[in-house]
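Source file: final_16.cif. Holds: mmCIF, C-alpha atoms.
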data_upload
#
loop_
_atom_site.label_atom_id
_atom_site.label_comp_id
_atom_site.auth_asym_id
_atom_site.auth_seq_id
_atom_site.Cartn_x
_atom_site.Cartn_y
_atom_site.Cartn_z
CA MET A 1 43.89 89.31 -35.27
CA SER A 2 40.49 89.63 -36.96
CA ASN A 3 37.25 88.35 -35.51
CA THR A 4 37.09 85.68 -38.20
CA ILE A 5 37.83 82.20 -36.84
CA SER A 6 39.04 79.68 -39.38
CA THR A 7 41.79 77.73 -37.61
CA VAL A 8 40.91 75.91 -34.39
CA ALA A 9 42.99 73.82 -31.99
CA PHE A 10 41.23 71.19 -29.89
CA ILE A 11 43.06 69.87 -26.83
CA GLY A 12 41.70 66.62 -25.35
CA LEU A 13 40.00 63.91 -27.38
CA GLY A 14 38.14 61.90 -24.77
CA VAL A 15 34.57 60.65 -25.11
CA MET A 16 33.41 64.28 -25.27
CA GLY A 17 36.24 66.07 -27.06
CA TYR A 18 36.60 63.56 -29.89
CA PRO A 19 33.11 64.12 -31.37
CA MET A 20 33.10 67.84 -30.47
CA ALA A 21 36.26 68.38 -32.51
CA GLY A 22 34.73 66.26 -35.26
CA HIS A 23 31.74 68.59 -35.59
CA LEU A 24 34.10 71.52 -36.13
CA ALA A 25 36.01 69.67 -38.84
CA ARG A 26 32.78 68.73 -40.58
CA ALA A 27 31.78 72.39 -40.50
CA GLY A 28 34.80 73.16 -42.67
CA LEU A 29 37.15 74.60 -40.07
CA ASP A 30 40.87 73.83 -40.08
CA VAL A 31 41.14 71.76 -36.88
CA ARG A 32 44.45 70.96 -35.20
CA VAL A 33 44.25 68.40 -32.39
CA TYR A 34 46.32 67.22 -29.45
CA ASN A 35 45.70 64.31 -27.10
CA ARG A 36 47.91 62.87 -24.39
CA THR A 37 47.50 59.47 -26.02
CA PRO A 38 48.90 60.12 -29.52
CA ALA A 39 47.11 57.16 -31.09
CA LYS A 40 43.76 58.81 -30.33
CA ALA A 41 44.84 62.00 -32.09
CA GLU A 42 46.09 60.01 -35.07
CA ALA A 43 42.80 58.11 -35.29
CA TRP A 44 40.88 61.39 -35.13
CA SER A 45 42.92 62.85 -37.99
CA GLU A 46 42.33 59.77 -40.10
CA GLU A 47 38.59 60.05 -39.51
CA TYR A 48 38.12 63.80 -39.88
CA GLY A 49 41.10 64.98 -41.89
CA GLY A 50 42.50 67.55 -39.45
CA SER A 51 46.11 67.59 -38.31
CA HIS A 52 47.43 66.04 -35.08
CA HIS A 53 50.30 67.47 -33.04
CA THR A 54 52.75 66.34 -30.39
CA THR A 55 52.18 69.12 -27.82
CA PRO A 56 49.36 71.54 -26.93
CA ARG A 57 51.73 74.39 -27.80
CA GLU A 58 52.26 73.05 -31.29
CA ALA A 59 48.55 72.50 -31.85
CA ALA A 60 47.71 76.01 -30.63
CA SER A 61 50.36 77.75 -32.73
CA GLY A 62 48.61 79.82 -35.39
CA ALA A 63 45.10 78.97 -34.15
CA ASP A 64 42.47 81.70 -33.89
CA LEU A 65 40.68 79.67 -31.21
CA VAL A 66 41.86 76.98 -28.79
CA LEU A 67 39.32 74.66 -27.16
CA VAL A 68 40.18 72.45 -24.19
CA CYS A 69 38.25 69.47 -22.84
CA VAL A 70 40.23 67.39 -20.34
CA GLY A 71 39.72 65.87 -16.89
CA ASN A 72 40.25 68.23 -13.97
CA ASP A 73 41.93 71.44 -12.79
CA ASP A 74 45.43 69.97 -12.80
CA ASP A 75 44.96 68.56 -16.32
CA VAL A 76 43.78 71.95 -17.55
CA ARG A 77 46.76 73.73 -16.02
CA GLN A 78 49.15 71.25 -17.60
CA VAL A 79 47.82 71.54 -21.15
CA ILE A 80 47.35 75.32 -20.99
CA ARG A 81 50.11 76.68 -18.73
CA GLY A 82 52.61 73.80 -18.65
CA GLU A 83 56.04 73.90 -20.30
CA ASP A 84 54.53 72.98 -23.69
CA GLY A 85 51.08 74.34 -22.88
CA ALA A 86 48.75 75.96 -25.35
CA LEU A 87 49.30 79.50 -24.01
CA HIS A 88 52.91 79.38 -25.17
CA GLY A 89 51.75 78.95 -28.76
CA MET A 90 48.83 81.38 -28.81
CA ALA A 91 48.99 84.86 -30.33
CA PRO A 92 47.45 88.08 -29.01
CA GLY A 93 43.87 88.45 -30.21
CA SER A 94 43.16 84.72 -30.15
CA LEU A 95 40.66 83.06 -27.82
CA LEU A 96 40.87 80.20 -25.32
CA VAL A 97 37.72 78.25 -24.38
CA ASP A 98 37.80 75.68 -21.59
CA HIS A 99 35.02 73.07 -21.81
CA THR A 100 36.36 71.09 -18.84
CA THR A 101 34.17 70.94 -15.75
CA ALA A 102 36.55 72.61 -13.32
CA SER A 103 36.61 75.12 -10.47
CA ALA A 104 35.58 78.76 -10.77
CA ASP A 105 38.95 79.65 -9.20
CA LEU A 106 40.74 78.03 -12.11
CA ALA A 107 38.62 79.99 -14.58
CA GLU A 108 39.66 83.25 -12.94
CA GLU A 109 43.32 82.14 -12.87
CA LEU A 110 43.31 81.30 -16.56
CA ASP A 111 41.50 84.51 -17.47
CA ALA A 112 44.21 86.55 -15.73
CA ALA A 113 46.97 84.60 -17.49
CA CYS A 114 45.28 85.05 -20.86
CA ARG A 115 44.71 88.78 -20.37
CA GLU A 116 48.42 89.27 -19.72
CA GLN A 117 49.03 88.00 -23.25
CA GLY A 118 46.14 89.82 -24.90
CA ILE A 119 44.14 86.60 -25.26
CA GLY A 120 40.42 86.21 -24.52
CA PHE A 121 39.19 83.50 -22.18
CA ILE A 122 35.84 81.75 -21.76
CA ASP A 123 34.94 79.06 -19.23
CA ALA A 124 32.34 76.93 -21.00
CA PRO A 125 31.55 73.62 -19.30
CA VAL A 126 29.04 71.42 -21.06
CA SER A 127 26.15 69.14 -20.16
CA GLY A 128 24.60 66.38 -22.22
CA GLY A 129 27.15 63.59 -21.96
CA GLN A 130 28.72 61.53 -24.71
CA GLN A 131 25.40 61.21 -26.51
CA GLY A 132 24.97 64.98 -26.57
CA ALA A 133 28.51 65.46 -27.85
CA GLU A 134 28.04 62.93 -30.63
CA ASN A 135 24.69 64.41 -31.66
CA GLY A 136 25.87 68.01 -31.48
CA ALA A 137 23.25 68.71 -28.82
CA LEU A 138 25.23 69.85 -25.77
CA THR A 139 24.16 72.56 -23.37
CA ILE A 140 27.06 75.02 -23.02
CA MET A 141 27.25 77.41 -20.04
CA CYS A 142 29.65 80.27 -20.63
CA GLY A 143 31.42 82.75 -18.40
CA ALA A 144 33.01 85.49 -20.47
CA ASP A 145 33.31 89.04 -21.61
CA GLU A 146 30.35 89.67 -23.91
CA ALA A 147 32.55 90.56 -26.89
CA ASP A 148 34.52 87.31 -26.56
CA PHE A 149 31.30 85.32 -26.27
CA THR A 150 29.88 86.93 -29.39
CA ARG A 151 32.95 85.85 -31.36
CA VAL A 152 32.46 82.16 -30.59
CA GLU A 153 28.72 81.75 -30.01
CA SER A 154 27.85 80.53 -33.49
CA LEU A 155 30.93 78.31 -33.71
CA LEU A 156 30.07 76.57 -30.45
CA GLY A 157 26.67 75.92 -31.96
CA HIS A 158 28.25 73.26 -34.16
CA PHE A 159 28.15 70.94 -31.14
CA GLY A 160 25.83 72.82 -28.77
CA ARG A 161 22.07 73.13 -29.07
CA ALA A 162 22.01 75.78 -26.30
CA VAL A 163 24.96 78.18 -25.94
CA THR A 164 24.31 80.72 -23.19
CA LEU A 165 26.34 83.54 -21.63
CA MET A 166 25.75 83.22 -17.89
CA GLY A 167 27.84 86.21 -16.77
CA PRO A 168 31.53 87.11 -16.32
CA VAL A 169 34.35 84.57 -16.23
CA GLY A 170 33.62 81.86 -13.67
CA SER A 171 29.86 82.00 -14.19
CA GLY A 172 29.92 79.03 -16.57
CA GLN A 173 31.58 76.82 -13.97
CA LEU A 174 29.22 78.00 -11.22
CA THR A 175 26.23 77.19 -13.43
CA LYS A 176 27.63 73.73 -14.14
CA MET A 177 27.85 73.20 -10.37
CA VAL A 178 24.13 73.93 -10.12
CA ASN A 179 23.58 71.40 -12.91
CA GLN A 180 25.48 68.66 -11.06
CA ILE A 181 23.77 69.46 -7.75
CA CYS A 182 20.37 69.01 -9.39
CA ILE A 183 21.37 65.79 -11.16
CA ALA A 184 22.68 64.18 -7.97
CA GLY A 185 19.33 64.46 -6.20
CA LEU A 186 17.35 63.43 -9.28
CA VAL A 187 19.34 60.25 -9.88
CA GLN A 188 19.11 59.19 -6.24
CA GLY A 189 15.35 59.82 -6.28
CA LEU A 190 14.95 57.76 -9.44
CA ALA A 191 17.08 54.95 -7.97
CA GLU A 192 14.98 54.88 -4.79
CA GLY A 193 11.73 54.93 -6.76
CA LEU A 194 12.74 52.02 -8.97
CA HIS A 195 14.06 50.11 -5.97
CA PHE A 196 10.78 50.65 -4.12
CA ALA A 197 8.76 49.52 -7.16
CA GLU A 198 10.92 46.42 -7.46
CA GLN A 199 10.50 45.53 -3.80
CA ALA A 200 6.75 46.08 -4.08
CA GLY A 201 6.49 43.65 -7.00
CA LEU A 202 5.31 46.29 -9.47
CA ASP A 203 5.97 46.23 -13.20
CA ARG A 204 8.70 48.85 -13.17
CA GLN A 205 8.45 49.69 -16.86
CA ARG A 206 4.72 50.23 -16.53
CA VAL A 207 5.29 52.40 -13.46
CA VAL A 208 7.74 54.60 -15.38
CA ASP A 209 5.40 54.80 -18.37
CA VAL A 210 2.74 56.25 -16.08
CA ILE A 211 4.71 58.57 -13.79
CA ALA A 212 6.97 59.94 -16.55
CA LYS A 213 3.91 61.68 -17.96
CA GLY A 214 3.43 63.61 -14.72
CA ALA A 215 5.43 65.71 -12.29
CA ALA A 216 7.98 62.94 -11.64
CA GLY A 217 9.21 62.96 -15.23
CA SER A 218 12.82 63.99 -15.95
CA TRP A 219 15.64 63.55 -18.45
CA GLN A 220 17.18 60.98 -16.13
CA MET A 221 13.95 58.98 -16.00
CA GLU A 222 13.48 59.08 -19.76
CA ASN A 223 17.06 58.18 -20.66
CA ARG A 224 18.24 55.96 -17.80
CA HIS A 225 15.31 53.99 -16.40
CA ALA A 226 15.57 51.09 -18.87
CA THR A 227 19.26 50.44 -18.27
CA MET A 228 18.75 50.82 -14.53
CA ILE A 229 16.00 48.20 -14.58
CA ALA A 230 18.36 45.95 -16.56
CA ASP A 231 21.15 46.61 -14.01
CA GLU A 232 23.42 47.92 -16.78
CA TYR A 233 25.66 50.87 -15.96
CA GLU A 234 27.92 51.44 -18.95
CA HIS A 235 25.85 54.16 -20.57
CA GLY A 236 26.92 57.54 -19.31
CA PHE A 237 28.96 59.77 -17.02
CA ALA A 238 31.21 57.79 -14.68
CA VAL A 239 30.95 57.75 -10.89
CA ASP A 240 34.62 58.80 -10.56
CA TRP A 241 33.97 61.93 -12.60
CA MET A 242 30.75 62.71 -10.76
CA ARG A 243 32.59 62.58 -7.44
CA LYS A 244 35.18 64.98 -8.86
CA ASP A 245 32.40 67.36 -9.87
CA LEU A 246 30.52 67.07 -6.58
CA GLY A 247 33.75 67.74 -4.71
CA ILE A 248 34.03 71.03 -6.60
CA CYS A 249 30.40 71.82 -5.77
CA LEU A 250 30.80 71.10 -2.07
CA GLU A 251 34.01 73.12 -1.79
CA GLN A 252 32.38 76.10 -3.50
CA ALA A 253 29.31 75.72 -1.28
CA ARG A 254 31.47 75.97 1.84
CA ARG A 255 32.86 79.27 0.58
CA LEU A 256 29.42 80.59 -0.29
CA GLN A 257 27.88 79.28 2.94
CA ALA A 258 25.34 77.43 0.79
CA ARG A 259 23.78 74.34 2.36
CA LEU A 260 23.85 71.20 0.20
CA PRO A 261 22.81 68.35 2.53
CA VAL A 262 21.36 66.11 -0.20
CA THR A 263 24.36 66.66 -2.48
CA ALA A 264 26.76 65.78 0.33
CA LEU A 265 24.80 62.62 1.10
CA VAL A 266 24.66 61.47 -2.52
CA ASP A 267 28.39 62.14 -2.83
CA GLN A 268 28.91 59.59 -0.05
CA PHE A 269 26.62 57.14 -1.83
CA TYR A 270 28.89 57.45 -4.85
CA ALA A 271 31.84 56.80 -2.54
CA ASP A 272 30.10 53.54 -1.56
CA LEU A 273 29.94 52.60 -5.25
CA GLN A 274 33.65 53.25 -5.64
CA VAL A 275 34.27 50.82 -2.76
CA LEU A 276 32.13 48.29 -4.64
CA GLY A 277 34.44 48.68 -7.64
CA GLY A 278 32.04 50.90 -9.55
CA GLY A 279 34.18 53.94 -10.24
CA ARG A 280 33.66 53.54 -13.96
CA TRP A 281 29.96 52.67 -13.74
CA ASP A 282 27.66 55.46 -14.82
CA THR A 283 25.94 57.68 -12.28
CA SER A 284 22.64 55.79 -12.43
CA SER A 285 24.39 52.90 -10.65
CA LEU A 286 23.02 54.35 -7.42
CA LEU A 287 20.32 51.71 -7.90
CA ARG A 288 22.91 48.93 -7.71
CA ARG A 289 24.05 50.36 -4.38
CA LEU A 290 20.51 50.02 -3.03
CA ARG A 291 20.19 46.48 -4.39
CA SER A 292 23.47 45.53 -2.72
CA MET A 293 22.36 46.66 0.73
CA LYS A 294 21.07 44.00 3.12
CA LEU A 295 18.34 45.29 5.38
CA ASP A 296 17.74 43.80 8.83
#

File written out as structure tokens:
Amino acid sequence: MSNTISTVAFIGLGVMGYPMAGHLARAGLDVRVYNRTPAKAEAWSEEYGGSHHTTPREAASGADLVLVCVGNDDDVRQVIRGEDGALHGMAPGSLLVDHTTASADLAEELDAACREQGIGFIDAPVSGGQQGAENGALTIMCGADEADFTRVESLLGHFGRAVTLMGPVGSGQLTKMVNQICIAGLVQGLAEGLHFAEQAGLDRQRVVDVIAKGAAGSWQMENRHATMIADEYEHGFAVDWMRKDLGICLEQARRLQARLPVTALVDQFYADLQVLGGGRWDTSSLLRRLRSMKLD
């Protein structure tokens, strides 16, 4: 198969995958989609003009490139290696890119399975959330053979503002773990700061306006402070998914003998939010947890 990529299959049309696949269709590629909920795939085809299919295998058949964006390791295995998985429809010389935030072990497993069939594999988790996906401004962290990465770098740029090769297969997932580790501490710090300002009777918006211009400033502060002040938590990455990601981080840390005390603590704070019924709240809901606590 030539290095030219014209036909693309996209597996998984959630809040991230739906707009990501849309960017590819708008770029003029022939996009074939699959989603476990068929109505979502049908709606996507009506909006963007690509074709929808009943199985991952069918969608992947004849595709130069297959992109996957689903929930967790088990979901990835099912849509790629299951009975009607994408690998069964892919031809030698094609490429498989997994955008799911998953384990590095899974990336290595899939790479081995792909190599047996003469297929390239790239683990390429993303950061930037639904807003980044819709705006085509995701950060994409790739683990791959350099030749495979070169084949897809410009194509991934249709929905990624930064597409970076981090190292061999698995490096993308390890980098995404670093990303989630950093976010966990930042969001908890922002939640505590806003809670403190509230308890002190300060104008929280004015406080943010001042400190955001200094060393305390962050993406989380810029994009989440207003909804946190308003006690609204329907604007981003869900607590349930963050706990899934942090679980991956903590398991990998145990293997690496890396110490993540703050990450482990914040993971338990997110567990508290799940008990409060906030599994689908966004990750900035750590502030609601603090507001709910009664101090002696």

Taking all atoms listed in the file into account, produce a table as a tab-separated table in which each residue of region 80-194 of chain A with an atom at most 9 Å from an atom of region 4-27 of chain A appears once, together with its shortest atom pair and the distance in Å to one decimal, ordered by chain and rising number.
residue	atom	partner	partner_atom	distance
A:Ala86	CA	A:Ile11	CA	8.5
A:Ser94	CA	A:Ile5	CA	8.9
A:His99	CA	A:Gly17	CA	8.8
A:Gly129	CA	A:Met16	CA	7.1
A:Gln130	CA	A:Met16	CA	5.5
A:Gln131	CA	A:Met16	CA	8.7
A:Gly132	CA	A:Met16	CA	8.6
A:Ala133	CA	A:Met16	CA	5.7
A:Glu134	CA	A:Pro19	CA	5.3
A:Asn135	CA	A:Pro19	CA	8.4
A:Gly136	CA	A:His23	CA	7.2
A:Arg151	CA	A:Thr4	CA	8.0
A:Val152	CA	A:Ile5	CA	8.2
A:Leu155	CA	A:Leu24	CA	7.9
A:Leu156	CA	A:Leu24	CA	8.6
A:His158	CA	A:His23	CA	6.0
A:Phe159	CA	A:Met20	CA	5.9
A:Gly160	CA	A:Met20	CA	9.0

Practice task
Name the residues in contact with Gln173 (chain A) at a cut-off of 10 Å, using only C-alpha atoms, excluding same-chain residues fewer than 4 positions from it; report them as a VMD selection string.
Solution key: chain A and resid 98 to 107 123 to 126 141 to 143 166 169 177 to 179 248 to 249

Exercise for the section: For Arg291 (chain A), work out the shell of residues within 12 Å, counting only C-alpha atoms and skipping chain neighbours fewer than 3 positions away, then give it as a ChimeraX atom specification. Expected result: /A:191-192,194-196,198-199,228-229,231,273,285-288,294-295

Problem - Straight-line distance linking CA of Pro261 (chain A) with CA of Leu186 (chain A), stated in Å to one decimal - result: 13.9 Å

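Compared by their closest atoms to Leu190 (chain A), and using only C-alpha atoms, the residues A:Gly217, A:Gly62, A:Gly277, A:Gly236 rank with A:Gly217 nearest.
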
Problem - Polymer residues at most 7 Å from Gly50 (chain A), only C-alpha atoms, same-chain spacing of 2 or more positions, as a list in words - result: Ala25, Asp30, Val31, Arg32, Ser45, Tyr48 and His52 of chain A

Can I get the selected residues back with C-alpha atoms, as a short mmCIF file (atom, residue, chain, number, x, y, z; two decimals), keeping the file's coordinate frame?
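After the write, selection24.cif holds the following:
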data_model
loop_
_atom_site.label_atom_id
_atom_site.label_comp_id
_atom_site.auth_asym_id
_atom_site.auth_seq_id
_atom_site.Cartn_x
_atom_site.Cartn_y
_atom_site.Cartn_z
CA ALA A 25 36.01 69.67 -38.84
CA ASP A 30 40.87 73.83 -40.08
CA VAL A 31 41.14 71.76 -36.88
CA ARG A 32 44.45 70.96 -35.20
CA SER A 45 42.92 62.85 -37.99
CA TYR A 48 38.12 63.80 -39.88
CA HIS A 52 47.43 66.04 -35.08
#

Problem - All residues 12 Å or closer to Glu58 (chain A), all atoms listed in the file, same chain fewer than 6 positions away omitted, as a PyMOL selection string - result: chain A and resi 9-11+32-35+51-52+66+79-80+83-90

Return region 210-232 of chain A, completed with N, CA, C and O atoms, as a PDB file, in the coordinates of the input.
ATOM      1  N   VAL A 210       3.803  55.431 -16.657  1.00  0.00           N
ATOM      2  CA  VAL A 210       2.740  56.250 -16.080  1.00  0.00           C
ATOM      3  C   VAL A 210       3.294  57.529 -15.447  1.00  0.00           C
ATOM      4  O   VAL A 210       2.854  58.645 -15.762  1.00  0.00           O
ATOM      5  N   ILE A 211       4.277  57.397 -14.556  1.00  0.00           N
ATOM      6  CA  ILE A 211       4.710  58.570 -13.790  1.00  0.00           C
ATOM      7  C   ILE A 211       5.547  59.541 -14.620  1.00  0.00           C
ATOM      8  O   ILE A 211       5.627  60.728 -14.294  1.00  0.00           O
ATOM      9  N   ALA A 212       6.169  59.048 -15.698  1.00  0.00           N
ATOM     10  CA  ALA A 212       6.970  59.940 -16.550  1.00  0.00           C
ATOM     11  C   ALA A 212       6.112  60.989 -17.225  1.00  0.00           C
ATOM     12  O   ALA A 212       6.623  62.028 -17.663  1.00  0.00           O
ATOM     13  N   LYS A 213       4.829  60.732 -17.323  1.00  0.00           N
ATOM     14  CA  LYS A 213       3.910  61.680 -17.960  1.00  0.00           C
ATOM     15  C   LYS A 213       3.456  62.774 -16.998  1.00  0.00           C
ATOM     16  O   LYS A 213       2.748  63.706 -17.393  1.00  0.00           O
ATOM     17  N   GLY A 214       3.835  62.639 -15.724  1.00  0.00           N
ATOM     18  CA  GLY A 214       3.430  63.610 -14.720  1.00  0.00           C
ATOM     19  C   GLY A 214       4.609  64.368 -14.142  1.00  0.00           C
ATOM     20  O   GLY A 214       5.666  64.487 -14.766  1.00  0.00           O
ATOM     21  N   ALA A 215       4.431  64.843 -12.922  1.00  0.00           N
ATOM     22  CA  ALA A 215       5.430  65.710 -12.290  1.00  0.00           C
ATOM     23  C   ALA A 215       6.743  65.005 -11.986  1.00  0.00           C
ATOM     24  O   ALA A 215       7.767  65.664 -11.781  1.00  0.00           O
ATOM     25  N   ALA A 216       6.753  63.678 -11.954  1.00  0.00           N
ATOM     26  CA  ALA A 216       7.980  62.940 -11.640  1.00  0.00           C
ATOM     27  C   ALA A 216       8.911  62.810 -12.839  1.00  0.00           C
ATOM     28  O   ALA A 216      10.058  62.388 -12.693  1.00  0.00           O
ATOM     29  N   GLY A 217       8.417  63.131 -14.014  1.00  0.00           N
ATOM     30  CA  GLY A 217       9.210  62.960 -15.230  1.00  0.00           C
ATOM     31  C   GLY A 217      10.475  63.802 -15.230  1.00  0.00           C
ATOM     32  O   GLY A 217      10.512  64.903 -14.683  1.00  0.00           O
ATOM     33  N   SER A 218      11.548  63.271 -15.842  1.00  0.00           N
ATOM     34  CA  SER A 218      12.820  63.990 -15.950  1.00  0.00           C
ATOM     35  C   SER A 218      13.645  63.387 -17.068  1.00  0.00           C
ATOM     36  O   SER A 218      13.344  62.298 -17.572  1.00  0.00           O
ATOM     37  N   TRP A 219      14.713  64.087 -17.444  1.00  0.00           N
ATOM     38  CA  TRP A 219      15.640  63.550 -18.450  1.00  0.00           C
ATOM     39  C   TRP A 219      16.225  62.235 -17.954  1.00  0.00           C
ATOM     40  O   TRP A 219      16.363  61.283 -18.709  1.00  0.00           O
ATOM     41  N   GLN A 220      16.586  62.196 -16.678  1.00  0.00           N
ATOM     42  CA  GLN A 220      17.180  60.980 -16.130  1.00  0.00           C
ATOM     43  C   GLN A 220      16.209  59.814 -16.233  1.00  0.00           C
ATOM     44  O   GLN A 220      16.600  58.694 -16.589  1.00  0.00           O
ATOM     45  N   MET A 221      14.947  60.054 -15.918  1.00  0.00           N
ATOM     46  CA  MET A 221      13.950  58.980 -16.000  1.00  0.00           C
ATOM     47  C   MET A 221      13.792  58.504 -17.437  1.00  0.00           C
ATOM     48  O   MET A 221      13.785  57.304 -17.711  1.00  0.00           O
ATOM     49  N   GLU A 222      13.697  59.442 -18.353  1.00  0.00           N
ATOM     50  CA  GLU A 222      13.480  59.080 -19.760  1.00  0.00           C
ATOM     51  C   GLU A 222      14.653  58.310 -20.346  1.00  0.00           C
ATOM     52  O   GLU A 222      14.479  57.336 -21.076  1.00  0.00           O
ATOM     53  N   ASN A 223      15.871  58.739 -20.003  1.00  0.00           N
ATOM     54  CA  ASN A 223      17.060  58.180 -20.660  1.00  0.00           C
ATOM     55  C   ASN A 223      17.775  57.094 -19.884  1.00  0.00           C
ATOM     56  O   ASN A 223      18.609  56.390 -20.457  1.00  0.00           O
ATOM     57  N   ARG A 224      17.479  56.921 -18.595  1.00  0.00           N
ATOM     58  CA  ARG A 224      18.240  55.960 -17.800  1.00  0.00           C
ATOM     59  C   ARG A 224      17.403  54.858 -17.151  1.00  0.00           C
ATOM     60  O   ARG A 224      17.950  53.880 -16.667  1.00  0.00           O
ATOM     61  N   HIS A 225      16.090  54.981 -17.148  1.00  0.00           N
ATOM     62  CA  HIS A 225      15.310  53.990 -16.400  1.00  0.00           C
ATOM     63  C   HIS A 225      15.470  52.583 -16.953  1.00  0.00           C
ATOM     64  O   HIS A 225      15.565  51.619 -16.194  1.00  0.00           O
ATOM     65  N   ALA A 226      15.514  52.430 -18.278  1.00  0.00           N
ATOM     66  CA  ALA A 226      15.570  51.090 -18.870  1.00  0.00           C
ATOM     67  C   ALA A 226      16.862  50.372 -18.516  1.00  0.00           C
ATOM     68  O   ALA A 226      16.853  49.175 -18.167  1.00  0.00           O
ATOM     69  N   THR A 227      17.978  51.073 -18.598  1.00  0.00           N
ATOM     70  CA  THR A 227      19.260  50.440 -18.270  1.00  0.00           C
ATOM     71  C   THR A 227      19.375  50.192 -16.767  1.00  0.00           C
ATOM     72  O   THR A 227      20.012  49.226 -16.336  1.00  0.00           O
ATOM     73  N   MET A 228      18.760  51.043 -15.975  1.00  0.00           N
ATOM     74  CA  MET A 228      18.750  50.820 -14.530  1.00  0.00           C
ATOM     75  C   MET A 228      17.956  49.564 -14.191  1.00  0.00           C
ATOM     76  O   MET A 228      18.397  48.730 -13.388  1.00  0.00           O
ATOM     77  N   ILE A 229      16.808  49.407 -14.801  1.00  0.00           N
ATOM     78  CA  ILE A 229      16.000  48.200 -14.580  1.00  0.00           C
ATOM     79  C   ILE A 229      16.782  46.951 -14.974  1.00  0.00           C
ATOM     80  O   ILE A 229      16.732  45.922 -14.298  1.00  0.00           O
ATOM     81  N   ALA A 230      17.552  47.080 -16.073  1.00  0.00           N
ATOM     82  CA  ALA A 230      18.360  45.950 -16.560  1.00  0.00           C
ATOM     83  C   ALA A 230      19.655  45.772 -15.776  1.00  0.00           C
ATOM     84  O   ALA A 230      20.410  44.823 -16.030  1.00  0.00           O
ATOM     85  N   ASP A 231      19.921  46.650 -14.814  1.00  0.00           N
ATOM     86  CA  ASP A 231      21.150  46.610 -14.010  1.00  0.00           C
ATOM     87  C   ASP A 231      22.387  46.752 -14.891  1.00  0.00           C
ATOM     88  O   ASP A 231      23.400  46.089 -14.681  1.00  0.00           O
ATOM     89  N   GLU A 232      22.309  47.648 -15.868  1.00  0.00           N
ATOM     90  CA  GLU A 232      23.420  47.920 -16.780  1.00  0.00           C
ATOM     91  C   GLU A 232      23.881  49.363 -16.545  1.00  0.00           C
ATOM     92  O   GLU A 232      23.067  50.286 -16.596  1.00  0.00           O
TER      93      GLU A 232
END
